Amino acid sequence: FHIAYGAVYMVAAYSMYTLLSWHLPFIISLILSIIFTVIIGILIELLVYKPLYRKRASLGIYLISSLGVYILLINIIALIFGNETKLLSYEIVASVHLGEIILTKIQVIQFFTFLILSILSIFFMHYTRIGKTIQAMGCNANLLEYCGVNLQKLRFIIFAIGSFFAGVASILTGLDVGIDPYMGMMPLLNAVTAVILGGIKRIEGIIAGAFFIGITQNLVIWYFSGRWESVVTFSILIIFFLYQSGGIVKIKKRAEEL
């Protein structure tokens, strides 16, 4: 359970804020921020998870260590930048009207970015050698290692890809609603919910779960208020635990497995 992922998410936004404050061009700041975020993600694997993996540490030790990294990074950012909300952009942009729905320009960009990255993720996981190897690692890492696959190198790739997604999402969110040191926890919990809802072994299920949660949350905000957003999300998760298991996208199994 990679709790430190919430801190990686937060660091991306503050990297973007720092580079923009240095008056670097937006595109250059975006690229450098994402690269820095990827480096942070890999360093967490290298300095924290890799030693634990070599020692065959329990999942509880992973959980506590990840929480420690999360708290450490948040406090470092709060010490440097303060706890108040900061804006990545002061520009007032035109809104887009779709009937009664009003979207900002950055929200439209968020939606199409989601579509593009979702399609690329599905293609990557199912039609590339690395993607298929990652899926195999999720099924049986020990057997994959016996087949000659360098698991440590694969772990670095996984953390790099995950950190890239965190960086893109964080910066897009920061451009829309601003940033603060604690901005990573709610997206982390939403992501965990999406993974559980969609099924951990299928990228399509995770994407579907995330899309469903996003739509549900925004409908709740639209009809009621933002206070009910988290309540509805976790209510859906509890109901799902009670009446469904394995995710909304099922995995085909051989008769031997059943």
# chains A, B, ... in the order shown; residues from 1 in each chain; ligands from 1
>>> residues_around(residues="Thr173 in chain A", least_positions_apart="6", cutoff="9 Å", atoms="only C-alpha atoms", output="ChimeraX atom specification")
/A:13,106-107,110,179
>>> write_last_selection(atoms="N, CA and C atoms", output="short mmCIF file (atom, residue, chain, number, x, y, z; two decimals), in the first residue's frame")
data_model
loop_
_atom_site.label_atom_id
_atom_site.label_comp_id
_atom_site.auth_asym_id
_atom_site.auth_seq_id
_atom_site.Cartn_x
_atom_site.Cartn_y
_atom_site.Cartn_z
N ALA A 13 3.16 19.03 -7.82
CA ALA A 13 2.53 20.35 -7.89
C ALA A 13 3.47 21.44 -7.37
N ILE A 106 -9.38 24.29 -18.02
CA ILE A 106 -8.47 23.27 -17.50
C ILE A 106 -9.21 21.97 -17.23
N GLN A 107 -10.50 22.04 -16.87
CA GLN A 107 -11.29 20.82 -16.65
C GLN A 107 -11.53 20.07 -17.95
N GLN A 110 -8.35 18.36 -18.57
CA GLN A 110 -8.26 17.19 -17.69
C GLN A 110 -8.99 15.99 -18.29
N ILE A 179 -2.97 24.48 -4.79
CA ILE A 179 -2.21 23.40 -4.15
C ILE A 179 -2.01 23.70 -2.67
#
>>> select_by_dssp(residues="range 90-241 of chain A", states="strand (DSSP E)", output="list in words")
Val96, His97, Leu98, Ile101, Ile102 and Leu103 of chain A
>>> closest_residue(among="A:Leu143, A:Met137, A:Ile122, A:Leu59", to="Ile203 in chain A", atoms="only C-alpha atoms")
A:Ile122
>>> residues_around(residues="Phe156 in chain A", least_positions_apart="6", cutoff="9 Å", atoms="only C-alpha atoms", output="PyMOL selection string")
chain A and resi 41-42+45-46
>>> write_last_selection(atoms="C-alpha atoms", output="tab-separated table (two decimals), in the first residue's frame")
chain	number	residue	atom	x	y	z
A	41	GLY	CA	9.21	8.07	-7.12
A	42	ILE	CA	12.27	6.05	-8.13
A	45	GLU	CA	11.77	2.70	-4.30
A	46	LEU	CA	15.58	2.78	-4.21
>>> residues_around(residues="Asn75 in chain A", least_positions_apart="3", cutoff="12 Å", atoms="only C-alpha atoms", output="ChimeraX atom specification")
/A:7,10-11,68-72,78-83,180-182
>>> residues_around(residues="Ser33 in chain A", least_positions_apart="3", cutoff="10 Å", atoms="only C-alpha atoms", output="ChimeraX atom specification")
/A:11-19,27-30,36-39,164,167-168,171
>>> write_last_selection(atoms="C-alpha atoms", output="short mmCIF file (atom, residue, chain, number, x, y, z; two decimals), in the first residue's frame")
data_model
loop_
_atom_site.label_atom_id
_atom_site.label_comp_id
_atom_site.auth_asym_id
_atom_site.auth_seq_id
_atom_site.Cartn_x
_atom_site.Cartn_y
_atom_site.Cartn_z
CA VAL A 11 5.65 17.13 -4.72
CA ALA A 12 4.80 17.36 -8.44
CA ALA A 13 2.53 20.35 -7.89
CA TYR A 14 5.08 22.16 -5.73
CA SER A 15 7.81 21.46 -8.29
CA MET A 16 5.63 23.14 -10.90
CA TYR A 17 4.95 26.05 -8.53
CA THR A 18 8.67 26.54 -7.87
CA LEU A 19 9.66 26.47 -11.53
CA ILE A 27 6.05 23.87 -21.05
CA ILE A 28 9.60 23.72 -19.71
CA SER A 29 8.28 23.88 -16.14
CA LEU A 30 5.77 21.12 -16.89
CA PHE A 36 11.54 15.50 -11.02
CA THR A 37 8.40 13.65 -9.86
CA VAL A 38 9.54 10.48 -11.63
CA ILE A 39 12.95 10.80 -9.94
CA PHE A 164 4.53 10.10 -14.15
CA GLY A 167 2.74 14.27 -11.78
CA VAL A 168 0.31 14.84 -14.65
CA ILE A 171 -0.31 19.59 -11.98
#
>>> decode(residues="range 25-56 of chain A", atoms="N, CA, C and O atoms", output="mmCIF file, in the first residue's frame")
data_model
loop_
_atom_site.group_PDB
_atom_site.id
_atom_site.type_symbol
_atom_site.label_atom_id
_atom_site.label_comp_id
_atom_site.auth_asym_id
_atom_site.auth_seq_id
_atom_site.Cartn_x
_atom_site.Cartn_y
_atom_site.Cartn_z
ATOM 1 N N PRO A 25 9.410 29.120 -18.791
ATOM 2 C CA PRO A 25 8.238 28.904 -19.652
ATOM 3 C C PRO A 25 7.383 27.750 -19.134
ATOM 4 O O PRO A 25 7.897 26.804 -18.530
ATOM 5 N N PHE A 26 6.094 27.833 -19.381
ATOM 6 C CA PHE A 26 5.163 26.848 -18.834
ATOM 7 C C PHE A 26 5.513 25.428 -19.271
ATOM 8 O O PHE A 26 5.546 24.511 -18.443
ATOM 9 N N ILE A 27 5.761 25.215 -20.543
ATOM 10 C CA ILE A 27 6.046 23.866 -21.052
ATOM 11 C C ILE A 27 7.315 23.310 -20.435
ATOM 12 O O ILE A 27 7.370 22.132 -20.031
ATOM 13 N N ILE A 28 8.349 24.159 -20.328
ATOM 14 C CA ILE A 28 9.601 23.716 -19.714
ATOM 15 C C ILE A 28 9.370 23.346 -18.251
ATOM 16 O O ILE A 28 9.869 22.319 -17.759
ATOM 17 N N SER A 29 8.590 24.162 -17.543
ATOM 18 C CA SER A 29 8.281 23.880 -16.145
ATOM 19 C C SER A 29 7.515 22.576 -16.013
ATOM 20 O O SER A 29 7.778 21.774 -15.100
ATOM 21 N N LEU A 30 6.573 22.344 -16.921
ATOM 22 C CA LEU A 30 5.775 21.119 -16.890
ATOM 23 C C LEU A 30 6.651 19.889 -17.079
ATOM 24 O O LEU A 30 6.571 18.920 -16.308
ATOM 25 N N ILE A 31 7.510 19.919 -18.075
ATOM 26 C CA ILE A 31 8.367 18.775 -18.377
ATOM 27 C C ILE A 31 9.333 18.502 -17.219
ATOM 28 O O ILE A 31 9.485 17.362 -16.772
ATOM 29 N N LEU A 32 9.971 19.560 -16.714
ATOM 30 C CA LEU A 32 10.936 19.395 -15.625
ATOM 31 C C LEU A 32 10.248 18.903 -14.349
ATOM 32 O O LEU A 32 10.816 18.089 -13.611
ATOM 33 N N SER A 33 9.038 19.377 -14.096
ATOM 34 C CA SER A 33 8.301 18.951 -12.902
ATOM 35 C C SER A 33 7.987 17.466 -12.959
ATOM 36 O O SER A 33 8.132 16.749 -11.959
ATOM 37 N N ILE A 34 7.538 17.004 -14.109
ATOM 38 C CA ILE A 34 7.209 15.586 -14.249
ATOM 39 C C ILE A 34 8.464 14.727 -14.142
ATOM 40 O O ILE A 34 8.451 13.667 -13.510
ATOM 41 N N ILE A 35 9.568 15.183 -14.742
ATOM 42 C CA ILE A 35 10.827 14.450 -14.623
ATOM 43 C C ILE A 35 11.262 14.367 -13.164
ATOM 44 O O ILE A 35 11.677 13.296 -12.673
ATOM 45 N N PHE A 36 11.161 15.486 -12.442
ATOM 46 C CA PHE A 36 11.536 15.499 -11.024
ATOM 47 C C PHE A 36 10.635 14.561 -10.219
ATOM 48 O O PHE A 36 11.100 13.851 -9.315
ATOM 49 N N THR A 37 9.345 14.531 -10.546
ATOM 50 C CA THR A 37 8.403 13.652 -9.857
ATOM 51 C C THR A 37 8.760 12.191 -10.083
ATOM 52 O O THR A 37 8.714 11.374 -9.158
ATOM 53 N N VAL A 38 9.124 11.847 -11.309
ATOM 54 C CA VAL A 38 9.541 10.485 -11.626
ATOM 55 C C VAL A 38 10.789 10.111 -10.816
ATOM 56 O O VAL A 38 10.890 9.000 -10.269
ATOM 57 N N ILE A 39 11.725 11.049 -10.706
ATOM 58 C CA ILE A 39 12.948 10.801 -9.939
ATOM 59 C C ILE A 39 12.626 10.557 -8.466
ATOM 60 O O ILE A 39 13.183 9.646 -7.831
ATOM 61 N N ILE A 40 11.699 11.364 -7.912
ATOM 62 C CA ILE A 40 11.303 11.188 -6.513
ATOM 63 C C ILE A 40 10.698 9.805 -6.305
ATOM 64 O O ILE A 40 10.994 9.101 -5.326
ATOM 65 N N GLY A 41 9.828 9.391 -7.224
ATOM 66 C CA GLY A 41 9.212 8.072 -7.117
ATOM 67 C C GLY A 41 10.237 6.953 -7.141
ATOM 68 O O GLY A 41 10.162 6.001 -6.355
ATOM 69 N N ILE A 42 11.216 7.068 -8.035
ATOM 70 C CA ILE A 42 12.271 6.050 -8.129
ATOM 71 C C ILE A 42 13.145 6.054 -6.874
ATOM 72 O O ILE A 42 13.553 4.991 -6.378
ATOM 73 N N LEU A 43 13.435 7.242 -6.326
ATOM 74 C CA LEU A 43 14.254 7.329 -5.120
ATOM 75 C C LEU A 43 13.562 6.679 -3.920
ATOM 76 O O LEU A 43 14.227 6.056 -3.075
ATOM 77 N N ILE A 44 12.228 6.816 -3.844
ATOM 78 C CA ILE A 44 11.495 6.160 -2.761
ATOM 79 C C ILE A 44 11.647 4.642 -2.872
ATOM 80 O O ILE A 44 11.865 3.954 -1.872
ATOM 81 N N GLU A 45 11.555 4.130 -4.083
ATOM 82 C CA GLU A 45 11.766 2.696 -4.295
ATOM 83 C C GLU A 45 13.201 2.303 -3.948
ATOM 84 O O GLU A 45 13.435 1.291 -3.277
ATOM 85 N N LEU A 46 14.171 3.109 -4.391
ATOM 86 C CA LEU A 46 15.584 2.785 -4.213
ATOM 87 C C LEU A 46 16.014 2.837 -2.747
ATOM 88 O O LEU A 46 16.719 1.946 -2.263
ATOM 89 N N LEU A 47 15.567 3.885 -2.031
ATOM 90 C CA LEU A 47 16.058 4.127 -0.676
ATOM 91 C C LEU A 47 15.196 3.492 0.416
ATOM 92 O O LEU A 47 15.678 3.263 1.533
ATOM 93 N N VAL A 48 13.940 3.215 0.124
ATOM 94 C CA VAL A 48 13.033 2.704 1.152
ATOM 95 C C VAL A 48 12.559 1.285 0.843
ATOM 96 O O VAL A 48 12.782 0.348 1.612
ATOM 97 N N TYR A 49 11.911 1.109 -0.293
ATOM 98 C CA TYR A 49 11.280 -0.178 -0.583
ATOM 99 C C TYR A 49 12.284 -1.258 -0.988
ATOM 100 O O TYR A 49 12.099 -2.429 -0.651
ATOM 101 N N LYS A 50 13.331 -0.888 -1.715
ATOM 102 C CA LYS A 50 14.303 -1.884 -2.150
ATOM 103 C C LYS A 50 14.998 -2.576 -0.970
ATOM 104 O O LYS A 50 15.094 -3.817 -0.952
ATOM 105 N N PRO A 51 15.493 -1.805 0.034
ATOM 106 C CA PRO A 51 16.091 -2.491 1.191
ATOM 107 C C PRO A 51 15.092 -3.387 1.923
ATOM 108 O O PRO A 51 15.458 -4.469 2.389
ATOM 109 N N LEU A 52 13.832 -2.934 2.015
ATOM 110 C CA LEU A 52 12.815 -3.753 2.667
ATOM 111 C C LEU A 52 12.528 -5.018 1.861
ATOM 112 O O LEU A 52 12.313 -6.096 2.433
ATOM 113 N N TYR A 53 12.532 -4.879 0.534
ATOM 114 C CA TYR A 53 12.280 -6.037 -0.331
ATOM 115 C C TYR A 53 13.391 -7.070 -0.179
ATOM 116 O O TYR A 53 13.136 -8.286 -0.140
ATOM 117 N N ARG A 54 14.632 -6.591 -0.090
ATOM 118 C CA ARG A 54 15.763 -7.514 0.069
ATOM 119 C C ARG A 54 15.708 -8.251 1.405
ATOM 120 O O ARG A 54 16.129 -9.412 1.517
ATOM 121 N N LYS A 55 15.187 -7.580 2.422
ATOM 122 C CA LYS A 55 15.094 -8.195 3.749
ATOM 123 C C LYS A 55 13.815 -9.018 3.915
ATOM 124 O O LYS A 55 13.576 -9.554 4.994
ATOM 125 N N ARG A 56 13.012 -9.091 2.857
ATOM 126 C CA ARG A 56 11.747 -9.831 2.897
ATOM 127 C C ARG A 56 10.861 -9.322 4.035
ATOM 128 O O ARG A 56 10.287 -10.095 4.805
#
